[in-house]
Amino acid sequence: MLLGVNIDHVATLRNARGGAEPDVLKAALICEENGATSITAHLREDRRHIKDADIYSLAKNIKTRLNLEMAMAEDIQKIALEVKPHSICLVPEKRQEVTTEGGLDVAGNFEAVRDFIKPLLDAGIVVSLFIDPEEVQVKASFETGAQFIEMHTGTYSNTYGKAGGEEEFLKLKNAAEYAQSLGLRVNAGHGLNYENVHRMHEIQGLYELNIGHSIVSRAVFTGMAEAVKTMAEAVK
Ligand code: PXP
């Protein structure tokens, strides 16, 4: 299993003072040197953390893969087509949310999603859809032509070690098995941390985990290199 690091919250810290520190590109390069196999950055509609310039700079300078997280917004689709990241991950976005709150409703917006990702696929960009671990969403995702799904692990993470946790884990396991039976590749992410990540090994064939907040939080105390290295070892 591979580790993709989401560096949004390095940008959150930078933007708190409006200057250039901490440097987002430098953080990404340290992640890569310490075991990250891709870098994820979410260009939100309100640009609250990652800015357009970060995307251009990351695309030009990182050595692994850039995974651009984005909502179904035409201006961001335009940037994606210009930058051509290795992959995009399509997520739902609500202006007031603190973080991505749920998976994309691909089944309920099938034609819109299929049509939105077509130019991206045509441009050779790998497309992943961030969905809740539900059969109906997995099937619809497959039918859009996307190559990957990213399973939303937020509920699993929130219920880890508590009532309902096992049920949430089984939802992920079953959704991953079903997706792989259709030929989809499967990533997972959201809310994963140093404590709950180990159960992802019980899900066969997971390709990559995308983890951000817990790594950046640990890095405040240990430095980015140690935080990424420790997570990369756990994920491997
Ligand atoms: N994957 C997706 C699609 C996300 O939206 C996020 C959060 O931006 C993550 C992974 C990483 O989540 P976390 O920061 O909780 O590790």
# chains A, B, ... in the order shown; residues from 1 in each chain; ligands from 1
$ closest_atom_pairs --of "stretch 105-153 of chain A" --to "stretch 68-80 of chain A" --cutoff "8 Å" --atoms "only C-alpha atoms" --output "JSON lines"
{"residue": "A:Val113", "atom": "CA", "partner": "A:Met72", "partner_atom": "CA", "distance": 7.8}
{"residue": "A:Phe116", "atom": "CA", "partner": "A:Met72", "partner_atom": "CA", "distance": 7.0}
{"residue": "A:Leu120", "atom": "CA", "partner": "A:Ala80", "partner_atom": "CA", "distance": 7.7}
$ write_last_selection --atoms "N, CA and C atoms" --output "CSV table (one decimal), in the first residue's frame"
chain,number,residue,atom,x,y,z
A,113,VAL,N,-21.5,14.1,-13.5
A,113,VAL,CA,-20.2,13.6,-13.1
A,113,VAL,C,-19.5,13.0,-14.4
A,116,PHE,N,-18.5,15.8,-16.7
A,116,PHE,CA,-17.5,16.7,-16.1
A,116,PHE,C,-16.1,16.0,-16.2
A,120,LEU,N,-11.2,15.5,-18.8
A,120,LEU,CA,-10.0,15.2,-18.0
A,120,LEU,C,-9.5,13.9,-18.4
$ residues_near_ligand --ligand "ligand 1" --cutoff "8 Å" --atoms "only C-alpha atoms and all ligand atoms" --output "ChimeraX atom specification"
/A:5-6,8-9,41-42,69,89-91,99-100,130,150,152,154,188-193,209-215
$ residues_around --residues "A:His198" --least-positions-apart "2" --cutoff "12 Å" --atoms "only C-alpha atoms" --output "list in words"
Met1, Ser157, Tyr160, Phe169, Leu192, Asn193, Tyr194, Glu195, Asn196, Met200, His201, Glu202, Ile203, Leu209, Met231, Ala232, Glu233, Ala234, Val235 and Lys236 of chain A
$ write_last_selection --atoms "N, CA and C atoms" --output "CSV table (one decimal), in the first residue's frame"
chain,number,residue,atom,x,y,z
A,1,MET,N,0.8,-1.2,0.0
A,1,MET,CA,0.0,0.0,0.0
A,1,MET,C,0.9,1.3,0.0
A,157,SER,N,-13.1,6.4,10.7
A,157,SER,CA,-12.1,7.0,11.6
A,157,SER,C,-12.8,7.5,12.9
A,160,TYR,N,-13.8,4.6,15.2
A,160,TYR,CA,-12.7,3.6,15.5
A,160,TYR,C,-12.7,3.4,17.0
A,169,PHE,N,-16.1,-0.4,9.4
A,169,PHE,CA,-14.9,-1.0,8.7
A,169,PHE,C,-15.4,-2.0,7.7
A,192,LEU,N,-7.8,9.4,8.6
A,192,LEU,CA,-6.9,8.3,9.0
A,192,LEU,C,-5.7,8.9,9.9
A,193,ASN,N,-5.3,8.2,10.9
A,193,ASN,CA,-4.2,8.6,11.8
A,193,ASN,C,-3.3,7.5,12.2
A,194,TYR,N,-2.4,7.8,13.0
A,194,TYR,CA,-1.4,6.8,13.4
A,194,TYR,C,-2.0,5.6,14.2
A,195,GLU,N,-3.2,5.8,14.7
A,195,GLU,CA,-3.8,4.8,15.5
A,195,GLU,C,-4.7,3.9,14.7
A,196,ASN,N,-5.5,4.5,13.8
A,196,ASN,CA,-6.5,3.8,13.1
A,196,ASN,C,-6.1,3.2,11.8
A,200,MET,N,-6.4,-0.8,7.7
A,200,MET,CA,-6.5,-0.7,6.2
A,200,MET,C,-5.8,-1.9,5.5
A,201,HIS,N,-4.9,-2.5,6.3
A,201,HIS,CA,-4.2,-3.7,5.8
A,201,HIS,C,-5.1,-4.9,5.7
A,202,GLU,N,-6.2,-4.9,6.4
A,202,GLU,CA,-7.2,-6.0,6.3
A,202,GLU,C,-8.0,-5.9,5.0
A,203,ILE,N,-7.9,-4.8,4.3
A,203,ILE,CA,-8.6,-4.7,3.0
A,203,ILE,C,-7.7,-5.0,1.9
A,209,LEU,N,-3.3,5.3,0.3
A,209,LEU,CA,-4.0,6.0,1.3
A,209,LEU,C,-3.6,7.5,1.2
A,231,MET,N,4.5,7.4,9.2
A,231,MET,CA,3.2,7.0,8.6
A,231,MET,C,3.5,6.1,7.4
A,232,ALA,N,4.6,6.4,6.6
A,232,ALA,CA,4.9,5.6,5.5
A,232,ALA,C,5.2,4.1,5.9
A,233,GLU,N,5.9,4.0,7.0
A,233,GLU,CA,6.2,2.7,7.5
A,233,GLU,C,4.9,1.9,7.9
A,234,ALA,N,4.0,2.6,8.6
A,234,ALA,CA,2.8,2.0,9.0
A,234,ALA,C,1.9,1.6,7.8
A,235,VAL,N,2.0,2.4,6.7
A,235,VAL,CA,1.2,2.1,5.6
A,235,VAL,C,1.8,0.9,4.7
A,236,LYS,N,3.1,0.9,4.7
A,236,LYS,CA,3.8,-0.1,4.0
A,236,LYS,C,3.5,-1.5,4.6
$ select_by_dssp --residues "stretch 84-236 of chain A" --states "strand (DSSP E or B)" --output "list in words"
Ser87, Ile88, Cys89, Leu90, Val126, Val127, Ser128, Leu129, Phe130, Ile131, Phe148, Ile149, Glu150, Met151, His152, Arg185, Val186, Asn187, Ala188, Gly189, Glu208, Leu209, Asn210 and Ile211 of chain A
$ residues_around --residues "A:Pro85" --least-positions-apart "5" --cutoff "8 Å" --atoms "only C-alpha atoms" --output "ChimeraX atom specification"
/A:59,65-68,80,125
$ closest_residue --among "A:Arg218, A:His86, A:His49, A:Lys94" --to "A:Arg17" --atoms "only C-alpha atoms"
A:His49
$ select_by_dssp --residues "stretch 161-211 of chain A" --states "alpha helix (DSSP H)" --output "JSON, numbers by chain"
{"A": [165, 166, 167, 168, 169, 170, 171, 172, 173, 174, 175, 176, 177, 178, 179, 180, 181, 182]}
$ atom_distance --atom1 "atom CA of A:Lys63" --atom2 "atom CA of A:Val24"
14.4 Å
$ residues_around --residues "A:Val136" --least-positions-apart "6" --cutoff "10 Å" --atoms "only C-alpha atoms" --output "PyMOL selection string"
chain A and resi 105-108+175
$ atom_distance --atom1 "atom CA of A:Leu172" --atom2 "atom CA of A:Met151"
7.1 Å
$ residues_around --residues "A:Val228" --least-positions-apart "4" --cutoff "9 Å" --atoms "only C-alpha atoms" --output "ChimeraX atom specification"
/A:3,5,30-32,34-36,215-216,219,223-224,232-233
$ atom_distance --atom1 "atom CA of A:Arg47" --atom2 "atom CA of A:Gly102"
19.4 Å
$ residues_around --residues "A:Gly205" --least-positions-apart "6" --cutoff "10 Å" --atoms "only C-alpha atoms" --output "JSON, numbers by chain"
{"A": [1, 176, 177, 180, 185, 186, 187]}
